[in-house]
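Q: I'm passing along run-v2.cif; it holds mmCIF, C-alpha atoms (C1' of nucleotides); chains and numbers go by the auth columns.
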data_entry
loop_
_atom_site.group_PDB
_atom_site.id
_atom_site.type_symbol
_atom_site.label_atom_id
_atom_site.label_comp_id
_atom_site.label_asym_id
_atom_site.label_seq_id
_atom_site.Cartn_x
_atom_site.Cartn_y
_atom_site.Cartn_z
_atom_site.B_iso_or_equiv
_atom_site.auth_seq_id
_atom_site.auth_asym_id
ATOM 1 C CA MET A 1 -53.302 23.472 -9.890 0.00 13 A
ATOM 2 C CA LYS A 2 -53.108 25.624 -12.928 0.00 14 A
ATOM 3 C CA LEU A 3 -55.472 28.488 -13.217 0.00 15 A
ATOM 4 C CA LYS A 4 -57.484 28.694 -16.362 0.00 16 A
ATOM 5 C CA GLY A 5 -58.660 31.615 -18.401 0.00 17 A
ATOM 6 C CA THR A 6 -57.281 35.125 -18.524 0.00 18 A
ATOM 7 C CA LYS A 7 -56.639 37.440 -15.596 0.00 19 A
ATOM 8 C CA PHE A 8 -59.826 39.215 -16.414 0.00 20 A
ATOM 9 C CA GLN A 9 -61.891 36.056 -16.185 0.00 21 A
ATOM 10 C CA GLN A 10 -60.225 35.052 -12.955 0.00 22 A
ATOM 11 C CA GLN A 11 -61.147 38.387 -11.501 0.00 23 A
ATOM 12 C CA VAL A 12 -64.763 37.923 -12.489 0.00 24 A
ATOM 13 C CA TRP A 13 -65.003 34.369 -11.132 0.00 25 A
ATOM 14 C CA ARG A 14 -63.320 35.453 -7.921 0.00 26 A
ATOM 15 C CA TYR A 15 -65.950 38.116 -7.438 0.00 27 A
ATOM 16 C CA LEU A 16 -68.767 35.688 -8.187 0.00 28 A
ATOM 17 C CA LEU A 17 -67.559 33.502 -5.330 0.00 29 A
ATOM 18 C CA LYS A 18 -67.893 36.481 -3.022 0.00 30 A
ATOM 19 C CA ILE A 19 -71.623 36.711 -3.646 0.00 31 A
ATOM 20 C CA PRO A 20 -73.411 35.370 -0.550 0.00 32 A
ATOM 21 C CA TYR A 21 -76.274 32.893 -0.644 0.00 33 A
ATOM 22 C CA GLY A 22 -79.626 34.418 -1.539 0.00 34 A
ATOM 23 C CA LYS A 23 -78.012 37.466 -3.076 0.00 35 A
ATOM 24 C CA VAL A 24 -77.789 38.552 -6.692 0.00 36 A
ATOM 25 C CA LYS A 25 -75.548 40.999 -8.503 0.00 37 A
ATOM 26 C CA THR A 26 -75.831 42.716 -11.840 0.00 38 A
ATOM 27 C CA TYR A 27 -73.244 42.528 -14.572 0.00 39 A
ATOM 28 C CA LYS A 28 -72.800 46.253 -14.299 0.00 40 A
ATOM 29 C CA GLU A 29 -72.163 46.120 -10.570 0.00 41 A
ATOM 30 C CA ILE A 30 -69.475 43.542 -11.073 0.00 42 A
ATOM 31 C CA ALA A 31 -67.984 45.566 -13.879 0.00 43 A
ATOM 32 C CA ILE A 32 -67.775 48.574 -11.613 0.00 44 A
ATOM 33 C CA LYS A 33 -66.239 46.563 -8.797 0.00 45 A
ATOM 34 C CA LEU A 34 -63.582 45.374 -11.232 0.00 46 A
ATOM 35 C CA ASN A 35 -62.812 48.980 -12.074 0.00 47 A
ATOM 36 C CA LYS A 36 -64.270 48.558 -15.559 0.00 48 A
ATOM 37 C CA PRO A 37 -67.705 50.182 -15.463 0.00 49 A
ATOM 38 C CA ASN A 38 -68.253 49.680 -19.183 0.00 50 A
ATOM 39 C CA SER A 39 -67.237 46.059 -19.392 0.00 51 A
ATOM 40 C CA ALA A 40 -70.599 44.566 -18.485 0.00 52 A
ATOM 41 C CA ARG A 41 -70.530 42.708 -21.763 0.00 53 A
ATOM 42 C CA ALA A 42 -67.107 41.237 -21.142 0.00 54 A
ATOM 43 C CA ILE A 43 -68.276 40.181 -17.686 0.00 55 A
ATOM 44 C CA ALA A 44 -71.111 38.189 -19.153 0.00 56 A
ATOM 45 C CA ASN A 45 -68.627 36.683 -21.552 0.00 57 A
ATOM 46 C CA ALA A 46 -66.374 35.538 -18.728 0.00 58 A
ATOM 47 C CA CYS A 47 -69.282 34.012 -16.809 0.00 59 A
ATOM 48 C CA ALA A 48 -70.480 32.087 -19.821 0.00 60 A
ATOM 49 C CA LYS A 49 -67.017 30.663 -20.415 0.00 61 A
ATOM 50 C CA ASN A 50 -66.119 29.849 -16.834 0.00 62 A
ATOM 51 C CA PRO A 51 -64.603 26.316 -16.567 0.00 63 A
ATOM 52 C CA TYR A 52 -65.620 26.040 -12.914 0.00 64 A
ATOM 53 C CA ALA A 53 -69.294 26.138 -13.903 0.00 65 A
ATOM 54 C CA PRO A 54 -70.661 24.107 -10.948 0.00 66 A
ATOM 55 C CA SER A 55 -68.313 25.786 -8.493 0.00 67 A
ATOM 56 C CA ILE A 56 -69.173 29.323 -9.443 0.00 68 A
ATOM 57 C CA PRO A 57 -72.628 30.804 -8.752 0.00 69 A
ATOM 58 C CA CYS A 58 -72.889 32.356 -12.179 0.00 70 A
ATOM 59 C CA HIS A 59 -76.649 32.040 -11.806 0.00 71 A
ATOM 60 C CA ARG A 60 -76.551 34.828 -9.218 0.00 72 A
ATOM 61 C CA VAL A 61 -75.683 37.322 -11.899 0.00 73 A
ATOM 62 C CA ILE A 62 -78.499 39.159 -13.624 0.00 74 A
ATOM 63 C CA ARG A 63 -79.023 42.179 -15.843 0.00 75 A
ATOM 64 C CA SER A 64 -79.333 45.673 -14.463 0.00 76 A
ATOM 65 C CA ASP A 65 -82.976 45.633 -15.562 0.00 77 A
ATOM 66 C CA GLY A 66 -83.740 42.918 -13.036 0.00 78 A
ATOM 67 C CA LYS A 67 -84.145 40.335 -15.785 0.00 79 A
ATOM 68 C CA LEU A 68 -82.209 37.098 -15.669 0.00 80 A
ATOM 69 C CA GLY A 69 -80.380 37.630 -18.923 0.00 81 A
ATOM 70 C CA GLY A 70 -79.229 34.153 -19.856 0.00 82 A
ATOM 71 C CA TYR A 71 -77.624 30.955 -18.667 0.00 83 A
ATOM 72 C CA SER A 72 -75.210 28.560 -20.371 0.00 84 A
ATOM 73 C CA GLY A 73 -75.980 25.662 -18.053 0.00 85 A
ATOM 74 C CA PRO A 74 -78.520 22.907 -18.697 0.00 86 A
ATOM 75 C CA GLY A 75 -82.070 24.110 -19.110 0.00 87 A
ATOM 76 C CA GLY A 76 -80.883 27.621 -19.861 0.00 88 A
ATOM 77 C CA VAL A 77 -82.562 30.526 -18.117 0.00 89 A
ATOM 78 C CA LYS A 78 -85.175 28.120 -16.833 0.00 90 A
ATOM 79 C CA THR A 79 -82.659 26.462 -14.539 0.00 91 A
ATOM 80 C CA LYS A 80 -81.290 29.836 -13.540 0.00 92 A
ATOM 81 C CA GLU A 81 -84.693 31.038 -12.502 0.00 93 A
ATOM 82 C CA LYS A 82 -85.294 27.900 -10.473 0.00 94 A
ATOM 83 C CA LEU A 83 -81.990 28.214 -8.661 0.00 95 A
ATOM 84 C CA LEU A 84 -82.655 31.832 -7.774 0.00 96 A
ATOM 85 C CA LYS A 85 -86.118 31.047 -6.480 0.00 97 A
ATOM 86 C CA LYS A 86 -84.670 28.211 -4.453 0.00 98 A
ATOM 87 C CA GLU A 87 -82.264 30.681 -2.885 0.00 99 A
ATOM 88 C CA GLY A 88 -85.055 33.046 -1.972 0.00 100 A
ATOM 89 C CA PHE A 89 -84.745 35.521 -4.785 0.00 101 A
ATOM 90 C CA LEU A 90 -88.029 36.353 -6.461 0.00 102 A
ATOM 91 C CA VAL A 91 -87.597 36.857 -10.174 0.00 103 A
ATOM 92 C CA LYS A 92 -89.483 39.649 -11.827 0.00 104 A
ATOM 93 C "C1'" DC B 1 -54.051 42.554 -37.017 0.00 200 B
ATOM 94 C "C1'" DA B 2 -59.071 42.344 -38.652 0.00 201 B
ATOM 95 C "C1'" DC B 3 -63.436 40.153 -38.083 0.00 202 B
ATOM 96 C "C1'" DA B 4 -67.051 37.858 -35.623 0.00 203 B
ATOM 97 C "C1'" DT B 5 -69.493 36.522 -31.242 0.00 204 B
ATOM 98 C "C1'" DG B 6 -72.172 37.216 -26.818 0.00 205 B
ATOM 99 C "C1'" DA B 7 -75.588 35.634 -20.393 0.00 206 B
ATOM 100 C "C1'" DC B 8 -75.030 43.914 -21.878 0.00 207 B
ATOM 101 C "C1'" DC B 9 -76.540 49.046 -21.539 0.00 208 B
ATOM 102 C "C1'" DT B 10 -78.519 53.362 -23.024 0.00 209 B
ATOM 103 C "C1'" DA B 11 -80.773 56.314 -26.002 0.00 210 B
ATOM 104 C "C1'" DA B 12 -84.067 57.207 -29.516 0.00 211 B
ATOM 105 C "C1'" DC B 13 -88.623 56.391 -32.001 0.00 212 B
ATOM 106 C "C1'" DT C 1 -94.358 50.503 -23.198 0.00 263 C
ATOM 107 C "C1'" DG C 2 -92.116 47.691 -26.996 0.00 264 C
ATOM 108 C "C1'" DT C 3 -88.809 47.742 -30.536 0.00 265 C
ATOM 109 C "C1'" DT C 4 -84.483 49.358 -33.032 0.00 266 C
ATOM 110 C "C1'" DA C 5 -79.934 51.016 -33.409 0.00 267 C
ATOM 111 C "C1'" DG C 6 -75.414 52.090 -31.752 0.00 268 C
ATOM 112 C "C1'" DG C 7 -71.713 51.611 -28.455 0.00 269 C
ATOM 113 C "C1'" DC C 8 -68.512 48.982 -25.406 0.00 270 C
ATOM 114 C "C1'" DC C 9 -65.469 45.102 -23.872 0.00 271 C
ATOM 115 C "C1'" DA C 10 -62.814 40.623 -23.789 0.00 272 C
ATOM 116 C "C1'" DT C 11 -62.094 36.312 -26.343 0.00 273 C
ATOM 117 C "C1'" DG C 12 -61.417 33.224 -30.199 0.00 274 C
ATOM 118 C "C1'" DT C 13 -60.663 32.359 -35.081 0.00 275 C
#
Could you render the structure as structure tokens?
A:
Amino acid sequence: MKLKGTKFQQQVWRYLLKIPYGKVKTYKEIAIKLNKPNSARAIANACAKNPYAPSIPCHRVIRSDGKLGGYSGPGGVKTKEKLLKKEGFLVK
DNA sequence: CACATGACCTAAC
DNA sequence: TGTTAGGCCATGT
């Protein structure tokens, strides 16, 4: 199959898939792991535009403040919060 | 190439 | 502690 998005996005999505169940990562952490410590914003951008929405746990990504940030899926942050709680992560 | 957008971060008030 | 302003990055128009 043909991969979608740019190399950067693919990198981000690949890392999202590495996040284990019940775990959450911050945009900054991911940015650092990708060797781009200041690209937190771009990371969020990639997550929001990921074409594999249901396949990628983009809801496991939160802000460095511990807040949820946002969610492009149905229900918005509300759904995100529910998913995280379901996975055992208590939202602040 | 220049401008605008967004699920961000940090500092300053 | 809450709000404002500036900076940073990748993408799309």
Q: Might you pull out every residue within 12 Å of segment 201-203 of chain B, with all atoms listed in the file counted and same-chain residues fewer than 2 positions away left off, and present them as a ChimeraX atom specification?
A: /B:205 /C:273-275
Q: For the file shown, report as a count of residues only the outcome of the PyMOL selection byres ((chain B) within 9 of (chain A)) at residue level.
A: 4
Q: What's the 10 Å shell around Pro32 of chain A, counting all atoms listed in the file, without same-chain residues fewer than 4 positions away, as a list of chain:residue names?
A: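 Here the qualifying residues turn out to be A:Leu28, A:Val36, A:Lys37, A:Pro69, A:Arg72.
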Q: Would you place a box with edges along x, y and z of the file around all atoms of chain C listed there, add 3 Å to each of its six sides, and report the centre and edge lengths in Å to one decimal, as lines of an AutoDock Vina configuration file?
A:
center_x = -77.5
center_y = 42.2
center_z = -29.1
size_x = 39.7
size_y = 25.7
size_z = 17.9
Q: For the PyMOL selection byres ((chain C) within 8 of (chain A)), applied here, can you spell out every residue it catches as a PyMOL selection string?
A: chain C and resi 270-272
Q: Please, what distance in Å, to one decimal, runs between atom CA of Gly78 of chain A and atom CA of Lys104 of chain A?
A: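 The value is 6.7 Å.
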Q: I would like the residues chosen by the PyMOL selection byres ((chain C and resi 265-269) around 9) on the shown file; could you give them as a list in words?
A: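 Selection result, ordered by chain and number: DC208, DT209, DA210, DA211 and DC212 of chain B; DG264 and DC270 of chain C.
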Q: Could you tell me how far atom CA of Lys14 of chain A lies from atom CA of Tyr27 of chain A, in Å and to one decimal?
A: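 Value for the atom CA of Lys14 of chain A-atom CA of Tyr27 of chain A distance: 18.7 Å.
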Q: Identify which of the residues A:Lys45, A:Lys98, A:Lys92, A:Lys79 lies closest to Gln23 of chain A, counting all atoms listed in the file when measuring atom-to-atom distances.
A: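 So, comparing all the options, the nearest one is A:Lys45.
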Q: Mind pulling up the distance from atom CA of Val24 of chain A to atom CA of Ala43 of chain A?
A: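 Spanning atom CA of Ala43 of chain A to atom CA of Val24 of chain A is a straight-line distance of 8.4 Å.
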